Structures are given as structure tokens and as C-alpha cells.
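S.K.: TSV, C-alpha atoms, saved as target13.tsv, coming up:
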chain	number	residue	atom	x	y	z
A	1	MET	CA	59.28	24.65	-149.71
A	2	ILE	CA	61.76	27.52	-149.65
A	3	GLN	CA	60.43	31.03	-150.02
A	4	ILE	CA	62.58	33.98	-150.97
A	5	ARG	CA	60.87	37.28	-150.33
A	6	GLY	CA	60.90	39.80	-153.12
A	7	ALA	CA	62.25	37.43	-155.78
A	8	ASN	CA	60.38	35.71	-158.57
A	9	MET	CA	61.32	32.31	-160.01
A	10	THR	CA	63.11	33.83	-163.03
A	11	GLN	CA	65.33	35.88	-160.72
A	12	ILE	CA	66.12	32.82	-158.63
A	13	LEU	CA	66.91	30.59	-161.61
A	14	CYS	CA	69.04	33.24	-163.33
A	15	ALA	CA	71.00	34.38	-160.27
A	16	GLY	CA	74.69	34.52	-161.12
A	17	PHE	CA	74.16	34.80	-164.89
A	18	ASP	CA	74.11	37.81	-167.20
A	19	GLN	CA	71.38	38.38	-169.78
A	20	VAL	CA	72.85	35.94	-172.29
A	21	GLY	CA	73.24	33.16	-169.72
A	22	THR	CA	76.97	33.52	-169.05
A	23	ARG	CA	78.18	33.19	-165.48
A	24	VAL	CA	79.18	36.57	-164.10
A	25	ASP	CA	81.00	35.49	-160.94
A	26	THR	CA	84.75	35.10	-161.11
A	27	VAL	CA	85.33	32.02	-158.93
A	28	HIS	CA	87.63	29.57	-160.74
A	29	SER	CA	86.02	26.23	-161.50
A	30	ALA	CA	88.45	23.34	-161.71
A	31	LYS	CA	88.54	21.58	-165.08
A	32	ILE	CA	87.99	17.87	-164.58
A	33	LEU	CA	88.50	15.36	-167.36
A	34	ILE	CA	86.66	12.05	-166.94
A	35	ILE	CA	88.05	9.28	-169.13
A	36	GLU	CA	85.50	6.46	-168.97
A	37	ASP	CA	84.05	4.35	-171.78
A	38	GLN	CA	80.72	3.59	-170.09
A	39	LEU	CA	78.42	6.56	-170.75
A	40	PRO	CA	76.12	5.94	-167.74
A	41	VAL	CA	79.17	5.83	-165.45
A	42	CYS	CA	80.46	9.10	-166.93
A	43	GLU	CA	77.11	10.72	-166.37
A	44	LEU	CA	76.94	9.41	-162.80
A	45	TYR	CA	80.39	10.82	-161.96
A	46	ALA	CA	79.55	14.16	-163.58
A	47	LEU	CA	76.23	14.36	-161.73
A	48	ALA	CA	77.83	13.56	-158.38
A	49	LEU	CA	80.46	16.26	-158.92
A	50	ARG	CA	77.92	18.83	-160.11
A	51	LEU	CA	75.73	18.15	-157.06
A	52	SER	CA	78.65	18.63	-154.67
A	53	SER	CA	79.21	21.94	-152.97
A	54	HIS	CA	82.00	22.79	-155.43
A	55	ARG	CA	81.84	24.00	-159.01
A	56	TYR	CA	83.61	22.01	-161.68
A	57	ASP	CA	84.00	22.34	-165.44
A	58	ILE	CA	83.59	18.71	-166.46
A	59	ARG	CA	84.80	17.24	-169.75
A	60	LEU	CA	84.12	13.66	-170.84
A	61	ALA	CA	86.15	11.30	-173.01
A	62	HIS	CA	84.93	7.79	-173.85
A	63	SER	CA	88.17	6.18	-175.02
A	64	GLY	CA	91.83	6.31	-174.14
A	65	GLU	CA	92.68	8.13	-177.38
A	66	ALA	CA	89.94	10.72	-176.83
A	67	GLY	CA	91.14	11.19	-173.25
A	68	VAL	CA	94.71	11.89	-174.32
A	69	GLU	CA	93.52	14.31	-177.01
A	70	ALA	CA	91.21	16.13	-174.56
A	71	ALA	CA	93.95	16.37	-171.93
A	72	PHE	CA	96.39	17.99	-174.36
A	73	LYS	CA	93.72	20.31	-175.75
A	74	ASP	CA	92.06	21.45	-172.52
A	75	ARG	CA	94.84	21.00	-169.90
A	76	PRO	CA	92.60	19.76	-167.06
A	77	ASP	CA	93.18	20.49	-163.38
A	78	LEU	CA	92.36	16.86	-162.51
A	79	VAL	CA	91.81	13.57	-164.39
A	80	ILE	CA	89.49	10.73	-163.36
A	81	MET	CA	90.26	7.62	-165.39
A	82	ASP	CA	89.15	4.02	-165.79
A	83	LEU	CA	91.86	1.50	-166.63
A	84	THR	CA	89.87	-0.59	-169.09
A	85	LEU	CA	89.34	1.65	-172.09
A	86	PRO	CA	88.83	1.01	-175.80
A	87	ARG	CA	91.71	1.62	-178.24
A	88	MET	CA	94.21	2.47	-175.49
A	89	SER	CA	94.47	1.14	-171.93
A	90	GLY	CA	94.57	3.37	-168.88
A	91	VAL	CA	98.23	2.45	-168.40
A	92	GLU	CA	98.98	3.64	-171.96
A	93	VAL	CA	96.98	6.85	-171.38
A	94	ALA	CA	98.99	7.53	-168.21
A	95	GLU	CA	102.25	6.94	-170.09
A	96	LYS	CA	101.27	9.37	-172.86
A	97	LEU	CA	100.13	12.01	-170.35
A	98	THR	CA	103.39	11.61	-168.44
A	99	LEU	CA	105.49	11.93	-171.60
A	100	GLY	CA	103.43	14.99	-172.58
A	101	GLY	CA	104.10	16.71	-169.24
A	102	ILE	CA	100.54	16.57	-167.92
A	103	LEU	CA	101.19	13.90	-165.29
A	104	PRO	CA	102.33	13.94	-162.54
A	105	GLY	CA	101.61	17.69	-162.25
A	106	VAL	CA	97.86	17.13	-162.63
A	107	PRO	CA	96.17	14.97	-159.99
A	108	LEU	CA	94.97	11.59	-161.24
A	109	ILE	CA	92.19	9.47	-159.75
A	110	ILE	CA	91.92	5.89	-160.94
A	111	ALA	CA	88.32	4.61	-160.81
A	112	SER	CA	88.29	1.04	-162.05
A	113	GLY	CA	86.88	-2.42	-161.53
A	114	GLU	CA	90.15	-3.91	-162.72
A	115	THR	CA	91.74	-5.98	-159.99
A	116	ALA	CA	95.31	-5.87	-161.27
A	117	ASP	CA	97.60	-3.87	-159.03
A	118	VAL	CA	98.68	-0.81	-160.99
A	119	THR	CA	99.85	1.36	-158.10
A	120	GLU	CA	103.46	0.82	-159.15
A	121	GLN	CA	102.74	1.49	-162.84
A	122	ILE	CA	100.52	4.54	-162.44
A	123	PRO	CA	101.12	6.91	-159.55
A	124	ALA	CA	97.72	8.36	-158.72
A	125	ASN	CA	96.28	10.52	-155.97
A	126	ALA	CA	93.53	7.98	-155.32
A	127	TYR	CA	92.48	4.51	-156.40
A	128	LEU	CA	88.74	3.81	-156.25
A	129	ALA	CA	87.63	0.19	-156.79
A	130	LYS	CA	84.29	-0.03	-158.60
A	131	PRO	CA	81.64	-0.03	-157.38
A	132	PHE	CA	82.16	2.74	-154.86
A	133	PRO	CA	79.93	5.39	-153.24
A	134	MET	CA	79.86	8.66	-155.17
A	135	ALA	CA	80.72	10.43	-151.92
A	136	ASN	CA	84.13	8.72	-152.12
A	137	LEU	CA	84.68	10.14	-155.60
A	138	VAL	CA	83.69	13.65	-154.55
A	139	ALA	CA	85.96	13.43	-151.49
A	140	ALA	CA	88.90	12.12	-153.55
A	141	VAL	CA	88.49	14.95	-156.08
A	142	GLN	CA	88.35	17.61	-153.40
A	143	ASP	CA	91.31	16.13	-151.50
A	144	ALA	CA	93.41	16.02	-154.69
A	145	LEU	CA	92.53	19.59	-155.64
A	146	ASN	CA	93.15	20.83	-152.09
A	147	ALA	CA	96.60	19.23	-152.18
A	148	LEU	CA	97.44	21.43	-155.18
A	149	VAL	CA	96.73	24.60	-153.22
A	150	VAL	CA	99.04	23.75	-150.31
Taking this structure as input, can you express it in the form of C-alpha cells?
M.R.:
Amino acid sequence: MIQIRGANMTQILCAGFDQVGTRVDTVHSAKILIIEDQLPVCELYALALRLSSHRYDIRLAHSGEAGVEAAFKDRPDLVIMDLTLPRMSGVEVAEKLTLGGILPGVPLIIASGETADVTEQIPANAYLAKPFPMANLVAAVQDALNALVV
């Protein structure tokens, strides 16, 4: 058990927030768009990223169309995408994001169980073959975001 002298639980839980629950620190959190049709997989990715030592603003889209719409609306700093999506394949999503000027400027991580080789069709910062350890996802995200800073 961790003890913090002179602080009650409310102070500990609310550290870094103002009285209405808004974060008061000014550190930029990278906007990450996860385009994945399987809700449990989305939640697993989001949880792994939230539990990492970095702060991310995570958005979820459960179809290719919703992913394209979210990318144009929110302009993410990084996209994690499955290739097998309803209504629009990952290849089609990548084409639309490229035509719209989002890719290749925004890092892209492909996380898919699809075995077809798409490395020539979709240039991505990382290709993760499902299933993979969540530590690999967190590392790929951080590596891609660090590459932007250089």
C-alpha cells in the first residue's frame, strides 16, 4: 500500500484536475485514432495505451467509413488500423487518407490478422500481426510518435 502524507484520497484522485474535472496541466497528449471493427480489441488497445507511461487522447472508429470520417474531423497524430473492416477495407481507408492529405504525414500502424502482404500497398510505420503482445503496440506507437519529433 502506498501512503502519501498529508493528502486525503480525494486530493490524490483529483490531482491534476480543476474543480470541474478538467485537466489543468498543459502537456500535449497525442491524438490516436484506432480503426478496428472488433469492440473488445479496440478496448484492449485503448486500455494498453492508457496504462502506458504516456498520455494519449484516444478515438475509436468501428468501420472503415467511420475511420475516414473521424480522421478528417479530428486530424489524429497517429492511426492504428485493422485491414479487415466493414464497408471499406483498410487498403481503401489508406487510399482515402492519402488522397485527403492525412497520410503519409501521420504515422500509421497496421494491426491485422490478415496474412496478405500489404507492405507495398500501404506504407506504414509498423505492421503488427495479430495476435501480438500489447507491449509491442505501445512500443510501436511511441516509436512512431518519437520519429515525428526528430
S.K.: Tell me, as a list of chain:residue names, which residues lie within 9 Å of range 39-45 of chain A, counting all atoms listed in the file; anything in the same chain fewer than 4 positions away does not count.
M.R.: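 Listing them by chain and then by number gives A:Ile34, A:Ile35, A:Leu49, A:Arg50, A:Leu60, A:Ala61, A:His62, A:Met134, A:Leu137, A:Val138.
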S.K.: I'd like to know which of A:Glu92, A:Leu78, A:Ser63, A:Thr84 is closest to Asp143 in chain A, using only C-alpha atoms.
M.R.: A:Leu78
S.K.: Take CA of Leu33 in chain A and CA of Ser89 in chain A and report the distance between them in Å, one decimal.
M.R.: 16.1 Å
S.K.: Expressed in Å to a single decimal, how great is the separation between CA of Val68 in chain A and CA of Leu108 in chain A?
M.R.: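 Those two atoms sit 13.1 Å apart.
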S.K.: Can you tell me which residues surround Leu148 in chain A at a distance of at most 9 Å, considering all atoms listed in the file, apart from same-chain residues fewer than 4 positions away, and format the answer as an NGL selection string?
M.R.: :A and (106-107 or 143-144)
S.K.: Give me, please, the distance in Å between CA of Asp77 in chain A and CA of Glu95 in chain A, quoted to one decimal.
M.R.: 17.6 Å
S.K.: Would you place a box with edges along x, y and z of the file around all atoms of range 93-107 of chain A listed there, add 6 Å to each of its six sides, and report the centre and edge lengths in Å to one decimal, as lines of an AutoDock Vina configuration file?
M.R.:
center_x = 100.8
center_y = 12.3
center_z = -166.4
size_x = 21.3
size_y = 22.8
size_z = 24.9
S.K.: I'd like to know which of A:Lys31, A:Ile80, A:Glu65, A:Gly105 is closest to Ala147 in chain A, using only C-alpha atoms.
M.R.: A:Gly105
S.K.: If we draw a sphere of 10 Å around (88.8, 2.4, -159.2), which residues have at least one atom in it when counting all atoms listed in the file? Please report them as a PyMOL selection string.
M.R.: chain A and resi 80-83+109-115+126-132+137
S.K.: For Ala94 in chain A, please output as a ChimeraX atom specification all residues within 10 Å (counting all atoms listed in the file; exclusion window: fewer than 3 positions along the same chain).
M.R.: /A:64,68,81,83,89-91,97-100,102-104,108,121-124
S.K.: From the list A:Val79, A:Val118, A:Ala70, A:Ala135, which residue is nearest Leu47 in chain A when using all atoms listed in the file?
M.R.: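 Closest residue, counting all atoms listed in the file: A:Ala135.
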S.K.: Residues within 7 Å of Asp57 in chain A, please, as a list of chain:residue names. Count all atoms listed in the file; anything in the same chain fewer than 4 positions from it doesn't count.
M.R.: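 Near neighbours after the sequence-gap exclusion: A:Ser29, A:Ala30, A:Lys31, A:Ile32.
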S.K.: Quick one: of A:Leu51, A:Val93, A:Ala46, A:Val141, who's nearest to Ala66 in chain A, counting only C-alpha atoms?
M.R.: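 Between A:Leu51, A:Val93, A:Ala46, A:Val141, the residue approaching Ala66 in chain A most closely is A:Val93.
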S.K.: Which one is closest to Gly67 in chain A: A:Glu36, A:Leu145, A:Arg55, A:Thr119? Count only C-alpha atoms.
M.R.: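 Under the stated criterion, the closest residue is A:Glu36.
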